[in-house]
Amino acid sequence: MRHTIIIAEAGVNHNGSYGRAVEMIHAAARAGVDYVKFQTFKADSLVSASAPRAEYQKRNCGGNDSQLSMLRSLELSYADFYRLAEECRNAGVGFMSTPFDLESVDFLAGLGMDYWKIPSGEITNLPYLRKIASKGGRVILSTGMSTMEEVCAAVDALEAGGTGRGDIYLLHCTTQYPTPYGDVNLRAMDALRGLGCRGVGYSDHTEGIAVPVAAVALGAGIIEKHFTLDRNLPGPDHKASLDVAGLCDMVRAVRAVEQAVGDGVKRVTDSERPNIAVARKSIVAACDITAGEVLTESNLTAKRPGTGMSPMLWDSVVGTRATRDYRKDEIIDSI
């Protein structure tokens, strides 16, 4: 049975608090996710002083602060990330963090992550892509806000830098918080699959869990979803995040769908086999029949249980003679 990698995106929902970040790790671990992912950046290296906030950031954070001011308030130190990686190990869950600047790439290379996670906003950042590729290891590339041409160019850049397609996962994504259902387009995963990378997945920003669960049914090998300890906290991403109960619900639903998808071979399952006799029908006497009487459409019928001759043999039974007496509802056992 396949195993979908579930990434709980803590992101910046710790609001700059190391203690809250630790709480998030343990909550996500209890929910059963595979990885908890943060965001590592130096705000002054990430945005210029004049960079505006996105509309959803203005809506969720209020005020007139710049994007730089907002990000400074959400920044954790490198020392914090060392400790968070260790906290993940202690909690039995994988640690990941997305670097948003070149210095942070160098820093995270020393933490031994299983995957590099490239966010949608960096897919057109060639120096960044080359830097990630130079570090080696597997890459998960989010493709929000991207055309297929841009995705292909990013994959080519990673490949040229030393990261083979067999080490690249592509995540379909729509970069809006929350994403309208009509903008999701899960079938875009099929197009991404055609690029011949290691696999495809889905990074979700819709409300609720229906869409990521549907993505698993359509073959997503990785699911990434924002979560928070409290959706009412101030900050850019809380409103588009699952609370802990929602995260637990999503993990349970994903694991159920993994089992339900199966291998595509139509067969009788062990669980349903005992019900064949109960639910199917047999050819039975519609009325009392005497030995030697011709079996006809009028004196035969099909009724449960399915322990006798199948009604699929109807044409071979009609027109023969009864080999013995039958009472009404008795299964026709020989011809």
# chains A, B, ... in the order shown; residues from 1 in each chain; ligands from 1
call {"tool": "closest_atom_pairs", "arguments": {"of": "region 2-100 of chain A", "to": "region 233-255 of chain A", "cutoff": "12 Å", "atoms": "only C-alpha atoms", "output": "CSV"}}
result
residue,atom,partner,partner_atom,distance
A:Arg2,CA,A:Arg255,CA,9.6
A:His3,CA,A:Arg255,CA,7.9
A:Thr4,CA,A:Val254,CA,7.7
A:Ile5,CA,A:Val254,CA,9.8
A:Ile6,CA,A:Val251,CA,7.6
A:Ile7,CA,A:Val251,CA,10.0
A:Ala8,CA,A:Leu247,CA,8.0
A:Glu9,CA,A:Ser241,CA,8.8
A:Ala10,CA,A:Ser241,CA,9.1
A:Gly11,CA,A:Asp237,CA,8.3
A:Val12,CA,A:Asp237,CA,7.6
A:Asn13,CA,A:His238,CA,6.4
A:His14,CA,A:Gly235,CA,9.1
A:Asn15,CA,A:Gly235,CA,6.8
A:Gly16,CA,A:Gly235,CA,10.1
A:Arg20,CA,A:Leu233,CA,11.7
A:Glu23,CA,A:Val244,CA,10.9
A:Met24,CA,A:Val244,CA,8.7
A:Ile25,CA,A:Val244,CA,10.9
A:His26,CA,A:Val244,CA,10.5
A:Ala27,CA,A:Val244,CA,6.8
A:Ala28,CA,A:Val244,CA,7.3
A:Ala29,CA,A:Cys248,CA,9.8
A:Arg30,CA,A:Cys248,CA,8.2
A:Ala31,CA,A:Cys248,CA,4.7
A:Gly32,CA,A:Val251,CA,6.6
A:Val33,CA,A:Val251,CA,6.8
A:Asp34,CA,A:Val251,CA,9.8
A:Tyr35,CA,A:Val251,CA,12.0
A:Val36,CA,A:Leu247,CA,11.8
A:Arg53,CA,A:Pro236,CA,9.6
A:Ala54,CA,A:Pro236,CA,9.2
A:Glu55,CA,A:Pro236,CA,9.8
A:Tyr56,CA,A:Pro236,CA,7.0
A:Gln57,CA,A:Pro236,CA,4.8
A:Lys58,CA,A:Pro236,CA,7.8
A:Arg59,CA,A:Pro236,CA,8.1
A:Asn60,CA,A:Pro236,CA,5.3
A:Cys61,CA,A:Gly235,CA,5.2
A:Gly62,CA,A:Pro234,CA,8.7
A:Gly63,CA,A:Pro234,CA,11.3
A:Gln67,CA,A:Pro236,CA,10.4
A:Met70,CA,A:Gly235,CA,8.6
A:Leu71,CA,A:Pro236,CA,9.8
A:Ser73,CA,A:Gly235,CA,9.7
A:Leu74,CA,A:Gly235,CA,8.6
call {"tool": "residues_around", "arguments": {"residues": "Ser146 (chain A)", "least_positions_apart": "6", "cutoff": "12 Å", "atoms": "only C-alpha atoms", "output": "PyMOL selection string"}}
result
chain A and resi 119-124+152-154+170-175+188+192
call {"tool": "select_by_dssp", "arguments": {"residues": "region 44-269 of chain A", "states": "helix (DSSP H, G or I)", "output": "ChimeraX atom specification"}}
result
/A:44-46,55-61,67-74,78-91,102-111,120-122,126-135,148-160,165-167,181-183,188-193,210-217,238-240,244-261
call {"tool": "select_by_dssp", "arguments": {"residues": "region 93-124 of chain A", "states": "strand (DSSP E or B)", "output": "ChimeraX atom specification"}}
result
/A:94-99,115-118
call {"tool": "residues_around", "arguments": {"residues": "Ala286 (chain A)", "least_positions_apart": "5", "cutoff": "8 Å", "atoms": "only C-alpha atoms", "output": "list in words"}}
result
Ser298, Asn299, Leu300, Thr301, Lys328 and Asp329 of chain A
call {"tool": "write_last_selection", "arguments": {"atoms": "all heavy atoms", "output": "PDB file, in the first residue's frame"}}
result
ATOM      1  N   SER A 298     -42.859 -19.202 -16.415  1.00  0.00           N
ATOM      2  CA  SER A 298     -43.957 -19.001 -15.476  1.00  0.00           C
ATOM      3  C   SER A 298     -43.748 -19.716 -14.149  1.00  0.00           C
ATOM      4  O   SER A 298     -44.174 -19.218 -13.094  1.00  0.00           O
ATOM      5  CB  SER A 298     -45.279 -19.472 -16.099  1.00  0.00           C
ATOM      6  OG  SER A 298     -45.580 -18.710 -17.257  1.00  0.00           O
ATOM      7  N   ASN A 299     -43.133 -20.897 -14.184  1.00  0.00           N
ATOM      8  CA  ASN A 299     -42.980 -21.640 -12.928  1.00  0.00           C
ATOM      9  C   ASN A 299     -41.586 -21.498 -12.303  1.00  0.00           C
ATOM     10  O   ASN A 299     -41.267 -22.167 -11.328  1.00  0.00           O
ATOM     11  CB  ASN A 299     -43.375 -23.119 -13.099  1.00  0.00           C
ATOM     12  CG  ASN A 299     -42.505 -23.849 -14.119  1.00  0.00           C
ATOM     13  OD1 ASN A 299     -41.449 -23.361 -14.514  1.00  0.00           O
ATOM     14  ND2 ASN A 299     -42.967 -25.036 -14.541  1.00  0.00           N
ATOM     15  N   LEU A 300     -40.766 -20.630 -12.889  1.00  0.00           N
ATOM     16  CA  LEU A 300     -39.448 -20.348 -12.321  1.00  0.00           C
ATOM     17  C   LEU A 300     -39.345 -18.860 -11.980  1.00  0.00           C
ATOM     18  O   LEU A 300     -40.010 -18.018 -12.574  1.00  0.00           O
ATOM     19  CB  LEU A 300     -38.339 -20.693 -13.327  1.00  0.00           C
ATOM     20  CG  LEU A 300     -38.173 -22.155 -13.730  1.00  0.00           C
ATOM     21  CD1 LEU A 300     -37.068 -22.281 -14.780  1.00  0.00           C
ATOM     22  CD2 LEU A 300     -37.869 -23.045 -12.523  1.00  0.00           C
ATOM     23  N   THR A 301     -38.506 -18.561 -11.024  1.00  0.00           N
ATOM     24  CA  THR A 301     -38.179 -17.176 -10.712  1.00  0.00           C
ATOM     25  C   THR A 301     -36.784 -17.128 -10.107  1.00  0.00           C
ATOM     26  O   THR A 301     -36.147 -18.187  -9.908  1.00  0.00           O
ATOM     27  CB  THR A 301     -39.224 -16.561  -9.741  1.00  0.00           C
ATOM     28  OG1 THR A 301     -38.992 -15.148  -9.666  1.00  0.00           O
ATOM     29  CG2 THR A 301     -39.116 -17.166  -8.347  1.00  0.00           C
ATOM     30  N   LYS A 328     -42.708 -24.569  -3.740  1.00  0.00           N
ATOM     31  CA  LYS A 328     -42.508 -23.160  -4.021  1.00  0.00           C
ATOM     32  C   LYS A 328     -41.302 -22.615  -3.221  1.00  0.00           C
ATOM     33  O   LYS A 328     -41.145 -22.930  -2.039  1.00  0.00           O
ATOM     34  CB  LYS A 328     -43.767 -22.368  -3.658  1.00  0.00           C
ATOM     35  CG  LYS A 328     -43.643 -20.863  -3.934  1.00  0.00           C
ATOM     36  CD  LYS A 328     -44.910 -20.117  -3.534  1.00  0.00           C
ATOM     37  CE  LYS A 328     -44.730 -18.622  -3.789  1.00  0.00           C
ATOM     38  NZ  LYS A 328     -45.938 -17.843  -3.418  1.00  0.00           N
ATOM     39  N   ASP A 329     -40.466 -21.829  -3.858  1.00  0.00           N
ATOM     40  CA  ASP A 329     -39.259 -21.187  -3.304  1.00  0.00           C
ATOM     41  C   ASP A 329     -38.091 -22.141  -3.139  1.00  0.00           C
ATOM     42  O   ASP A 329     -37.007 -21.727  -2.699  1.00  0.00           O
ATOM     43  CB  ASP A 329     -39.540 -20.507  -1.954  1.00  0.00           C
ATOM     44  CG  ASP A 329     -40.223 -19.161  -2.115  1.00  0.00           C
ATOM     45  OD1 ASP A 329     -40.286 -18.637  -3.233  1.00  0.00           O
ATOM     46  OD2 ASP A 329     -40.709 -18.620  -1.093  1.00  0.00           O
TER      47      ASP A 329
END
call {"tool": "residues_around", "arguments": {"residues": "region 136-141 of chain A", "least_positions_apart": "5", "cutoff": "7 Å", "atoms": "only C-alpha atoms", "output": "PyMOL selection string"}}
result
chain A and resi 114-119+163+167-171
call {"tool": "write_last_selection", "arguments": {"atoms": "C-alpha atoms", "output": "PDB file, in the first residue's frame"}}
result
ATOM      1  CA  ASP A 114      15.409  14.711   3.963  1.00  0.00           C
ATOM      2  CA  TYR A 115      14.053  17.168   1.401  1.00  0.00           C
ATOM      3  CA  TRP A 116      14.619  20.683   0.195  1.00  0.00           C
ATOM      4  CA  LYS A 117      11.308  22.484  -0.120  1.00  0.00           C
ATOM      5  CA  ILE A 118      11.235  25.223  -2.752  1.00  0.00           C
ATOM      6  CA  PRO A 119       8.271  27.594  -2.385  1.00  0.00           C
ATOM      7  CA  THR A 163      19.579  17.413  -9.070  1.00  0.00           C
ATOM      8  CA  ASP A 167      15.001  13.394  -7.088  1.00  0.00           C
ATOM      9  CA  ILE A 168      12.390  16.085  -7.805  1.00  0.00           C
ATOM     10  CA  TYR A 169       8.774  16.090  -6.623  1.00  0.00           C
ATOM     11  CA  LEU A 170       6.417  18.628  -8.170  1.00  0.00           C
ATOM     12  CA  LEU A 171       3.589  20.007  -6.058  1.00  0.00           C
TER      13      LEU A 171
END
call {"tool": "closest_residue", "arguments": {"among": "A:Leu102, A:Met312, A:Ala49, A:Met96", "to": "Lys37 (chain A)", "atoms": "only C-alpha atoms"}}
result
A:Met96
call {"tool": "residues_around", "arguments": {"residues": "Gly182 (chain A)", "least_positions_apart": "5", "cutoff": "12 Å", "atoms": "only C-alpha atoms", "output": "VMD selection string"}}
result
chain A and resid 174 176 206 211
call {"tool": "atom_distance", "arguments": {"atom1": "CA of Ala79 (chain A)", "atom2": "CA of Ser48 (chain A)"}}
result
24.3 Å
call {"tool": "residues_around", "arguments": {"residues": "Val318 (chain A)", "least_positions_apart": "3", "cutoff": "10 Å", "atoms": "only C-alpha atoms", "output": "PyMOL selection string"}}
result
chain A and resi 294-300+313-315+321+335
call {"tool": "residues_around", "arguments": {"residues": "region 268-280 of chain A", "least_positions_apart": "3", "cutoff": "10 Å", "atoms": "only C-alpha atoms", "output": "list in words"}}
result
Val265, Ala302, Lys303, Arg304, Pro305, Gly306, Thr307, Gly308, Ser310 and Pro311 of chain A
call {"tool": "closest_residue", "arguments": {"among": "A:Val22, A:Val216, A:Ile283, A:Ile223", "to": "Ala256 (chain A)", "atoms": "only C-alpha atoms"}}
result
A:Val216
call {"tool": "decode", "arguments": {"residues": "region 208-245 of chain A", "atoms": "N, CA and C atoms", "output": "PDB file, in the first residue's frame"}}
result
ATOM      1  N   GLY A 208     -10.698  23.811   4.754  1.00  0.00           N
ATOM      2  CA  GLY A 208     -11.128  22.445   5.017  1.00  0.00           C
ATOM      3  C   GLY A 208     -10.167  21.397   4.490  1.00  0.00           C
ATOM      4  N   ILE A 209     -10.651  20.154   4.431  1.00  0.00           N
ATOM      5  CA  ILE A 209      -9.780  19.034   4.067  1.00  0.00           C
ATOM      6  C   ILE A 209     -10.241  18.298   2.817  1.00  0.00           C
ATOM      7  N   ALA A 210     -11.368  18.692   2.234  1.00  0.00           N
ATOM      8  CA  ALA A 210     -11.921  17.929   1.106  1.00  0.00           C
ATOM      9  C   ALA A 210     -10.957  17.883  -0.077  1.00  0.00           C
ATOM     10  N   VAL A 211     -10.345  19.010  -0.411  1.00  0.00           N
ATOM     11  CA  VAL A 211      -9.513  19.066  -1.608  1.00  0.00           C
ATOM     12  C   VAL A 211      -8.213  18.267  -1.454  1.00  0.00           C
ATOM     13  N   PRO A 212      -7.462  18.402  -0.355  1.00  0.00           N
ATOM     14  CA  PRO A 212      -6.271  17.558  -0.241  1.00  0.00           C
ATOM     15  C   PRO A 212      -6.588  16.070  -0.220  1.00  0.00           C
ATOM     16  N   VAL A 213      -7.708  15.695   0.377  1.00  0.00           N
ATOM     17  CA  VAL A 213      -8.097  14.278   0.376  1.00  0.00           C
ATOM     18  C   VAL A 213      -8.414  13.831  -1.045  1.00  0.00           C
ATOM     19  N   ALA A 214      -9.103  14.687  -1.816  1.00  0.00           N
ATOM     20  CA  ALA A 214      -9.378  14.368  -3.214  1.00  0.00           C
ATOM     21  C   ALA A 214      -8.081  14.250  -4.013  1.00  0.00           C
ATOM     22  N   ALA A 215      -7.101  15.077  -3.685  1.00  0.00           N
ATOM     23  CA  ALA A 215      -5.821  15.017  -4.390  1.00  0.00           C
ATOM     24  C   ALA A 215      -5.150  13.662  -4.187  1.00  0.00           C
ATOM     25  N   VAL A 216      -5.265  13.126  -2.995  1.00  0.00           N
ATOM     26  CA  VAL A 216      -4.695  11.793  -2.725  1.00  0.00           C
ATOM     27  C   VAL A 216      -5.390  10.745  -3.593  1.00  0.00           C
ATOM     28  N   ALA A 217      -6.708  10.859  -3.718  1.00  0.00           N
ATOM     29  CA  ALA A 217      -7.446   9.920  -4.558  1.00  0.00           C
ATOM     30  C   ALA A 217      -7.004  10.017  -6.007  1.00  0.00           C
ATOM     31  N   LEU A 218      -6.539  11.197  -6.430  1.00  0.00           N
ATOM     32  CA  LEU A 218      -6.091  11.396  -7.806  1.00  0.00           C
ATOM     33  C   LEU A 218      -4.600  11.130  -7.981  1.00  0.00           C
ATOM     34  N   GLY A 219      -3.947  10.630  -6.948  1.00  0.00           N
ATOM     35  CA  GLY A 219      -2.564  10.195  -7.098  1.00  0.00           C
ATOM     36  C   GLY A 219      -1.495  11.059  -6.480  1.00  0.00           C
ATOM     37  N   ALA A 220      -1.865  12.065  -5.691  1.00  0.00           N
ATOM     38  CA  ALA A 220      -0.844  12.884  -5.032  1.00  0.00           C
ATOM     39  C   ALA A 220      -0.024  12.041  -4.075  1.00  0.00           C
ATOM     40  N   GLY A 221       1.288  12.116  -4.205  1.00  0.00           N
ATOM     41  CA  GLY A 221       2.169  11.368  -3.318  1.00  0.00           C
ATOM     42  C   GLY A 221       2.615  12.166  -2.108  1.00  0.00           C
ATOM     43  N   ILE A 222       2.400  13.487  -2.168  1.00  0.00           N
ATOM     44  CA  ILE A 222       2.744  14.389  -1.068  1.00  0.00           C
ATOM     45  C   ILE A 222       1.575  15.356  -0.875  1.00  0.00           C
ATOM     46  N   ILE A 223       1.208  15.588   0.369  1.00  0.00           N
ATOM     47  CA  ILE A 223       0.209  16.606   0.702  1.00  0.00           C
ATOM     48  C   ILE A 223       0.842  17.567   1.701  1.00  0.00           C
ATOM     49  N   GLU A 224       0.754  18.842   1.386  1.00  0.00           N
ATOM     50  CA  GLU A 224       1.239  19.883   2.292  1.00  0.00           C
ATOM     51  C   GLU A 224       0.052  20.762   2.669  1.00  0.00           C
ATOM     52  N   LYS A 225      -0.076  21.046   3.959  1.00  0.00           N
ATOM     53  CA  LYS A 225      -1.227  21.835   4.423  1.00  0.00           C
ATOM     54  C   LYS A 225      -0.816  22.682   5.621  1.00  0.00           C
ATOM     55  N   HIS A 226      -1.160  23.955   5.578  1.00  0.00           N
ATOM     56  CA  HIS A 226      -0.894  24.850   6.708  1.00  0.00           C
ATOM     57  C   HIS A 226      -1.756  24.452   7.913  1.00  0.00           C
ATOM     58  N   PHE A 227      -1.165  24.576   9.092  1.00  0.00           N
ATOM     59  CA  PHE A 227      -1.951  24.381  10.311  1.00  0.00           C
ATOM     60  C   PHE A 227      -1.515  25.394  11.358  1.00  0.00           C
ATOM     61  N   THR A 228      -2.361  25.582  12.345  1.00  0.00           N
ATOM     62  CA  THR A 228      -2.114  26.552  13.408  1.00  0.00           C
ATOM     63  C   THR A 228      -2.696  26.030  14.713  1.00  0.00           C
ATOM     64  N   LEU A 229      -2.196  26.542  15.799  1.00  0.00           N
ATOM     65  CA  LEU A 229      -2.771  26.205  17.099  1.00  0.00           C
ATOM     66  C   LEU A 229      -4.067  26.968  17.345  1.00  0.00           C
ATOM     67  N   ASP A 230      -4.234  28.096  16.651  1.00  0.00           N
ATOM     68  CA  ASP A 230      -5.418  28.934  16.869  1.00  0.00           C
ATOM     69  C   ASP A 230      -5.658  29.772  15.614  1.00  0.00           C
ATOM     70  N   ARG A 231      -6.746  29.517  14.915  1.00  0.00           N
ATOM     71  CA  ARG A 231      -7.034  30.223  13.677  1.00  0.00           C
ATOM     72  C   ARG A 231      -7.375  31.685  13.912  1.00  0.00           C
ATOM     73  N   ASN A 232      -7.592  32.061  15.153  1.00  0.00           N
ATOM     74  CA  ASN A 232      -7.934  33.450  15.469  1.00  0.00           C
ATOM     75  C   ASN A 232      -6.725  34.307  15.829  1.00  0.00           C
ATOM     76  N   LEU A 233      -5.539  33.712  15.820  1.00  0.00           N
ATOM     77  CA  LEU A 233      -4.336  34.489  16.103  1.00  0.00           C
ATOM     78  C   LEU A 233      -4.085  35.494  14.988  1.00  0.00           C
ATOM     79  N   PRO A 234      -3.453  36.613  15.302  1.00  0.00           N
ATOM     80  CA  PRO A 234      -3.075  37.546  14.238  1.00  0.00           C
ATOM     81  C   PRO A 234      -1.938  36.957  13.414  1.00  0.00           C
ATOM     82  N   GLY A 235      -1.879  37.303  12.150  1.00  0.00           N
ATOM     83  CA  GLY A 235      -0.824  36.783  11.286  1.00  0.00           C
ATOM     84  C   GLY A 235      -1.366  36.468   9.912  1.00  0.00           C
ATOM     85  N   PRO A 236      -0.475  36.369   8.914  1.00  0.00           N
ATOM     86  CA  PRO A 236      -0.914  36.268   7.525  1.00  0.00           C
ATOM     87  C   PRO A 236      -1.580  34.953   7.144  1.00  0.00           C
ATOM     88  N   ASP A 237      -1.232  33.838   7.815  1.00  0.00           N
ATOM     89  CA  ASP A 237      -1.653  32.526   7.323  1.00  0.00           C
ATOM     90  C   ASP A 237      -2.652  31.780   8.206  1.00  0.00           C
ATOM     91  N   HIS A 238      -2.954  32.281   9.381  1.00  0.00           N
ATOM     92  CA  HIS A 238      -3.798  31.530  10.317  1.00  0.00           C
ATOM     93  C   HIS A 238      -5.183  31.239   9.739  1.00  0.00           C
ATOM     94  N   LYS A 239      -5.767  32.210   9.055  1.00  0.00           N
ATOM     95  CA  LYS A 239      -7.147  32.059   8.576  1.00  0.00           C
ATOM     96  C   LYS A 239      -7.261  30.970   7.514  1.00  0.00           C
ATOM     97  N   ALA A 240      -6.188  30.736   6.776  1.00  0.00           N
ATOM     98  CA  ALA A 240      -6.208  29.724   5.722  1.00  0.00           C
ATOM     99  C   ALA A 240      -5.600  28.406   6.195  1.00  0.00           C
ATOM    100  N   SER A 241      -5.487  28.232   7.502  1.00  0.00           N
ATOM    101  CA  SER A 241      -4.846  27.042   8.067  1.00  0.00           C
ATOM    102  C   SER A 241      -5.867  26.159   8.787  1.00  0.00           C
ATOM    103  N   LEU A 242      -5.538  24.889   8.905  1.00  0.00           N
ATOM    104  CA  LEU A 242      -6.322  23.978   9.735  1.00  0.00           C
ATOM    105  C   LEU A 242      -5.950  24.186  11.193  1.00  0.00           C
ATOM    106  N   ASP A 243      -6.912  24.027  12.080  1.00  0.00           N
ATOM    107  CA  ASP A 243      -6.534  23.917  13.490  1.00  0.00           C
ATOM    108  C   ASP A 243      -6.077  22.482  13.742  1.00  0.00           C
ATOM    109  N   VAL A 244      -5.683  22.186  14.952  1.00  0.00           N
ATOM    110  CA  VAL A 244      -5.117  20.859  15.242  1.00  0.00           C
ATOM    111  C   VAL A 244      -6.146  19.755  15.006  1.00  0.00           C
ATOM    112  N   ALA A 245      -7.383  19.997  15.405  1.00  0.00           N
ATOM    113  CA  ALA A 245      -8.427  18.988  15.179  1.00  0.00           C
ATOM    114  C   ALA A 245      -8.613  18.740  13.691  1.00  0.00           C
TER     115      ALA A 245
END
